[in-house]
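A short worksheet on the structure shown next.
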Amino acid sequence: MTLSPPTTRRVVVVSVFTLALLVIAVVCGLVVGPTSVSNSRIFGSLFAHIGIGHSTLDQMQTTVIWQLRAPRLVLGLLAGAMLAVAGGSYQGVFRNPLADPYLLGVAAGAGIGATFAIMDVGHGLNTPTWTPLLAFIGALVAVGATWAIGGRGSRSNEGTLILAGVAIAALLTSAQTFLQQQASANSIARVYIWLLGSLASANWSSVNLILPYVIVCIAVCILCGRALDVMSVGENEAKSLGLPVRRIRFIVILASSLGTAAIVSVVGLIGFVGIIVPHIVRLLVGISNRRILPISAALGAAFLVIADTIARTAIAPSELPIGVITAAVGAPVFVLILSFRKSS
Amino acid sequence: MTNAIEINNLSVSAGSKKLVSDVTLNVEAGSWLTIIGPNGAGKTSLIEAVAGIRKFGSGSVKISGQDMAQRNERARARLLAFVPQNPLVPAGMSVRDYVTLGRTSYHGMLRAPSARDRAVVDSVLERLSLQHFAKQNISVLSGGERQRTVIARALAQSTMVVVLDEPITGLDLRHQMELLELLKKEVAECGLTVLATLHDLTLAGQFADRLVLLDKSEVVLDGPAHEIIRDPELASRYGMQFRVVDVDGSDVVVPVRS
């Protein structure tokens with residue numbers, strides 16, 4: 001697109017707006033829900049947690065807020081930020097606007113891992129512990145295989161990696177379809193639900209498990225923003241400008257994939273965030289990854305928490321699949337921004 | 001005079017095909033050497049190998065006395081700046097940001113450009129009359145302005161050696177001259193060493209101190225520009241006839257229809 005580079009003022013406005021949205025999302029995540037708890041009590045309890053005043057919540061309310069809504073909120077923030085940053089990083093490193101966090105086979109790998117666990121292929125696997133673990137391992141094995149085929153050797157480039165990812169994903173998806181075909185209707189349904197993605201299984205132990213990895217992975221990707229800007233002139237030119245292109249590509253792919261795998265293993269496959277959020281941010285603040293990645297982290301986090309709030313309240317007590325909301329809300333917003341930027 | 005570029009027995013292959021075979025060339029510091037030759041002669045392969053973005057099978061490349069194969073990307077980018085034949089210009093990037101990319105090897109990947117980096121960029125933008133375009137999107141510039149911006153990025157690397165592959169492709173005659181004059185000025189005023197490939201023999205002869213004819217991956221002729229331009233071997237290697245006419249002291253190469 002031939003747009004003028006954004007002014008500093010616009011970047012500041014977008015950043016402030018994104019942060020405000022993030023605050024609203026956090027408040028929604030804690031306040032909105034089928035169990036009504038007065039807002040002042042929730043904030044009283046929040047302040048009590050950081051040592052100011054006393055909580056006036058009763059036992060049941062405390063459980064709802066601190067054992068159900070809070071871990072779910074934190075998981076939503078982490079998942080949204082990670083998927084958006086991974087998507088933005090992949091788009092940068094592959095210089096391909098269609099790149100999303102699942103490009104190199106993370107989704108297919110996690111899918112087959114989870115299917116193994118849910119269908120109880122090894123017997124005794126189908127526990128809440130095994131599903132995320134096998135999904136995580138599956139995701140990493142898939143990306144590892146993609147890298148081994150397309151990312152090593154002097155001939156490797158963005159293209160060979162993407163193609164290797166397509167091949168691995170196709171292979172694993174066919175294996176998964178085969179497995180599912182052998183399964184009972186009940187396990188097929190559960191695999192399907194897992195594939196749709198959900199934050200419903202959130203609890204503090206799963207959040208604590210992935211928190212350090214995800215934070216580190218997000219930080220690494222954001223720190224690589226400047227290097228990704230240099231890579232926007234292509235691998236050869238970036239190299240001639242003094243960038244260790246191969247090392248950067250490896251670091252960014254490792255951090256994005258590891259973080260995405262950790263997220264996917266807990267929340268399943270939530271689509272659309274990784275591709276739509278960085279594009280929205282790019283349309284607003286221009287092509288610099290130094291700006292795109294941190295703003296995407298904040299916007300992705302806010303977006304996913306708001307989508308989850310809708311998912312768990314719209315048809316309460318049932319839940320909508322969050323992927324439905326991310327696409328249904330994200331696509332129109334994206335189209336709106338796209339047409340607005342075109343006309344301006 | 002010392003040599004800014006020393007190429008020794010350099011060979012480049014792609015599979016079983018030899019692209020550059022056993023080329024030895026030295027380029028004096030502060031001089032301009034242009035490589036000419038028919039399409040497929042191996043000019044781009046040679047230039048890319050020298051620039052460090054194409055692996056070579058054997059031989060060595062030394063820039064300012066330093067063996068390029070022993071240096072990492074960052075050190076290489078401080079020794080030599082490269083302008084490729086078709087630079088990839090990221091749509092939406094400002095001219096200033098693009099030129100600042102030339103400073104990557106100085107401020108590194110994690111730190112922002114320093115005050116010195118910004119000062120160098122300012123001075124290059126001014127030298128190349130690009131200061132008015134600084135905030136503009138590089139992809140809306142005309143071909144001539146855009147190519148000047150790419151040259152600015154290379155000059156921002158503050159290297160003693162600049163390597164250019166067909167820098168004037170796609171430019172009209174005036175912009176071709178302007179660009180080459182601008183480089184010539186850098187050679188004269190800053191002691192820059194230029195290694196370039198050019199298709200236009202007239203311009204190649206007018207701007208280079210020395211010409212090297214590359215054909216079938218080997219060096220065929222090497223000498224002062226005015227001698228090489230008049231060498232009968234030159235026309236035979238291109239497989240055509242042309243006459244060299246003296247116009248006010250400059251050699252002009254005129255093709256002759258057969």
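Labels for the structure tokens follow display order: chains A, B, ..., residues from 1 in each chain, ligands from 1.
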What are the residues of chain B lining chain A at 9 Å or less? Count only C-alpha atoms, and put the answer as a VMD selection string. chain B and resid 51 to 55 72 to 78 80 to 84 87 to 94 98 101 to 106 108 to 112 135 to 140 154 157
7 Å contact set for A:Leu83, only C-alpha atoms, chain neighbours under 6 positions out, as a list in words: Pro101, Thr260, Val273 and Gly274 of chain A
Spatial neighbours of B:Gly249, 12 Å, only C-alpha atoms, chain gap at least 2 places, as a ChimeraX atom specification: /B:205-206,226,244-247,251-252
For A:Gly80, find every residue with an atom within 9 Å (counting only C-alpha atoms), except residues of its own chain fewer than 6 positions away, and show them as a short mmCIF file (atom, residue, chain, number, x, y, z; two decimals) with N, CA and C atoms, in the first residue's frame.
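What landed in around_33.cif:
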data_model
loop_
_atom_site.label_atom_id
_atom_site.label_comp_id
_atom_site.auth_asym_id
_atom_site.auth_seq_id
_atom_site.Cartn_x
_atom_site.Cartn_y
_atom_site.Cartn_z
N VAL A 273 -6.76 -14.15 15.50
CA VAL A 273 -6.09 -13.10 16.28
C VAL A 273 -4.71 -12.82 15.68
N GLY A 274 -4.00 -13.91 15.40
CA GLY A 274 -2.61 -13.78 14.94
C GLY A 274 -2.49 -13.12 13.59
N SER A 296 0.65 -4.57 18.93
CA SER A 296 -0.11 -5.79 18.66
C SER A 296 -0.28 -6.61 19.93
N ALA A 297 0.76 -6.66 20.76
CA ALA A 297 0.67 -7.42 22.01
C ALA A 297 -0.49 -6.88 22.85
N ALA A 298 -0.54 -5.56 23.00
CA ALA A 298 -1.59 -4.95 23.82
C ALA A 298 -2.96 -5.12 23.17
N LEU A 299 -3.03 -4.88 21.85
CA LEU A 299 -4.32 -4.97 21.18
C LEU A 299 -4.81 -6.42 21.14
N GLY A 300 -3.88 -7.35 20.89
CA GLY A 300 -4.24 -8.77 20.86
C GLY A 300 -4.79 -9.22 22.20
N ALA A 301 -4.13 -8.80 23.27
CA ALA A 301 -4.58 -9.16 24.62
C ALA A 301 -5.98 -8.61 24.87
N ALA A 302 -6.17 -7.33 24.55
CA ALA A 302 -7.48 -6.70 24.77
C ALA A 302 -8.55 -7.37 23.92
N PHE A 303 -8.22 -7.60 22.68
CA PHE A 303 -9.17 -8.20 21.73
C PHE A 303 -9.63 -9.57 22.20
N LEU A 304 -8.69 -10.40 22.63
CA LEU A 304 -9.05 -11.76 22.99
C LEU A 304 -9.89 -11.78 24.28
N VAL A 305 -9.54 -10.92 25.22
CA VAL A 305 -10.31 -10.88 26.48
C VAL A 305 -11.74 -10.40 26.21
#
Tell me, which residues of stretch 11-211 of chain B carry DSSP alpha helix (DSSP H), written as a VMD selection string? chain B and resid 43 to 51 73 to 79 95 to 100 104 to 107 115 to 127 143 to 156 173 to 190 201 to 207
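Here atom CA of A:Ala142 stands at a distance of 13.6 Å from atom CA of A:Ala262.
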Would you list the contacts of A:Ser15 as a PDB file with N, CA and C atoms, in the first residue's frame, taking every protein, DNA or RNA residue within 12 Å and counting only C-alpha atoms, but skipping same-chain residues closer than 5 positions in sequence?
ATOM      1  N   THR A   8       4.267  10.817  14.294  1.00  0.00           N
ATOM      2  CA  THR A   8       4.456  10.396  15.682  1.00  0.00           C
ATOM      3  C   THR A   8       3.153  10.539  16.450  1.00  0.00           C
ATOM      4  N   ARG A   9       2.399  11.598  16.088  1.00  0.00           N
ATOM      5  CA  ARG A   9       1.160  11.854  16.806  1.00  0.00           C
ATOM      6  C   ARG A   9       0.196  10.681  16.645  1.00  0.00           C
ATOM      7  N   ARG A  10       0.092  10.172  15.406  1.00  0.00           N
ATOM      8  CA  ARG A  10      -0.841   9.066  15.190  1.00  0.00           C
ATOM      9  C   ARG A  10      -0.413   7.831  15.987  1.00  0.00           C
ATOM     10  N   ALA A  20      -6.048   2.045  26.554  1.00  0.00           N
ATOM     11  CA  ALA A  20      -7.367   2.267  27.154  1.00  0.00           C
ATOM     12  C   ALA A  20      -8.255   1.038  26.913  1.00  0.00           C
ATOM     13  N   LEU A  21      -8.187   0.508  25.702  1.00  0.00           N
ATOM     14  CA  LEU A  21      -8.971  -0.680  25.369  1.00  0.00           C
ATOM     15  C   LEU A  21      -8.547  -1.860  26.242  1.00  0.00           C
ATOM     16  N   LEU A  22      -7.254  -1.936  26.507  1.00  0.00           N
ATOM     17  CA  LEU A  22      -6.733  -3.024  27.342  1.00  0.00           C
ATOM     18  C   LEU A  22      -7.285  -2.913  28.763  1.00  0.00           C
ATOM     19  N   VAL A 281      -2.983  -3.181  13.297  1.00  0.00           N
ATOM     20  CA  VAL A 281      -1.971  -2.267  13.835  1.00  0.00           C
ATOM     21  C   VAL A 281      -1.114  -1.693  12.701  1.00  0.00           C
ATOM     22  N   LEU A 284      -2.688   1.058  10.973  1.00  0.00           N
ATOM     23  CA  LEU A 284      -2.791   2.285  11.763  1.00  0.00           C
ATOM     24  C   LEU A 284      -1.453   2.979  11.985  1.00  0.00           C
ATOM     25  N   VAL A 285      -0.385   2.198  12.226  1.00  0.00           N
ATOM     26  CA  VAL A 285       0.882   2.850  12.598  1.00  0.00           C
ATOM     27  C   VAL A 285       2.009   2.624  11.598  1.00  0.00           C
ATOM     28  N   ARG A 291       7.117  -0.779  16.145  1.00  0.00           N
ATOM     29  CA  ARG A 291       5.836  -0.285  16.670  1.00  0.00           C
ATOM     30  C   ARG A 291       4.782  -1.365  16.615  1.00  0.00           C
ATOM     31  N   ILE A 292       4.755  -2.104  15.516  1.00  0.00           N
ATOM     32  CA  ILE A 292       3.692  -3.088  15.317  1.00  0.00           C
ATOM     33  C   ILE A 292       3.676  -4.117  16.454  1.00  0.00           C
ATOM     34  N   LEU A 293       4.839  -4.649  16.812  1.00  0.00           N
ATOM     35  CA  LEU A 293       4.841  -5.776  17.751  1.00  0.00           C
ATOM     36  C   LEU A 293       4.355  -5.415  19.148  1.00  0.00           C
ATOM     37  N   PRO A 294       4.894  -4.355  19.790  1.00  0.00           N
ATOM     38  CA  PRO A 294       4.357  -4.056  21.131  1.00  0.00           C
ATOM     39  C   PRO A 294       2.884  -3.634  21.112  1.00  0.00           C
ATOM     40  N   ILE A 295       2.476  -2.858  20.093  1.00  0.00           N
ATOM     41  CA  ILE A 295       1.070  -2.439  20.062  1.00  0.00           C
ATOM     42  C   ILE A 295       0.179  -3.648  19.776  1.00  0.00           C
ATOM     43  N   SER A 296       0.650  -4.568  18.925  1.00  0.00           N
ATOM     44  CA  SER A 296      -0.108  -5.794  18.660  1.00  0.00           C
ATOM     45  C   SER A 296      -0.282  -6.611  19.930  1.00  0.00           C
ATOM     46  N   ALA A 297       0.762  -6.662  20.760  1.00  0.00           N
ATOM     47  CA  ALA A 297       0.666  -7.420  22.011  1.00  0.00           C
ATOM     48  C   ALA A 297      -0.492  -6.876  22.848  1.00  0.00           C
ATOM     49  N   ALA A 298      -0.538  -5.564  23.002  1.00  0.00           N
ATOM     50  CA  ALA A 298      -1.586  -4.947  23.819  1.00  0.00           C
ATOM     51  C   ALA A 298      -2.960  -5.121  23.167  1.00  0.00           C
ATOM     52  N   LEU A 299      -3.026  -4.881  21.854  1.00  0.00           N
ATOM     53  CA  LEU A 299      -4.319  -4.969  21.179  1.00  0.00           C
ATOM     54  C   LEU A 299      -4.810  -6.421  21.138  1.00  0.00           C
TER      55      LEU A 299
END
What lies within 12 Å of B:Leu164 using only C-alpha atoms, ignoring chain neighbours under 3 positions off, as number ranges by chain? B: 32-35, 43-44, 46-48, 50-51, 80-87, 147, 150-151, 154-155, 161, 167-169, 179-180, 183, 193-198
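Between atom CA of A:Thr313 and atom CA of A:Gly29 lies a distance of 10.8 Å.
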Got a sec to tell me which of stretch 83-193 of chain B DSSP assigns to strand (DSSP E or B), as a count of residues only? 9
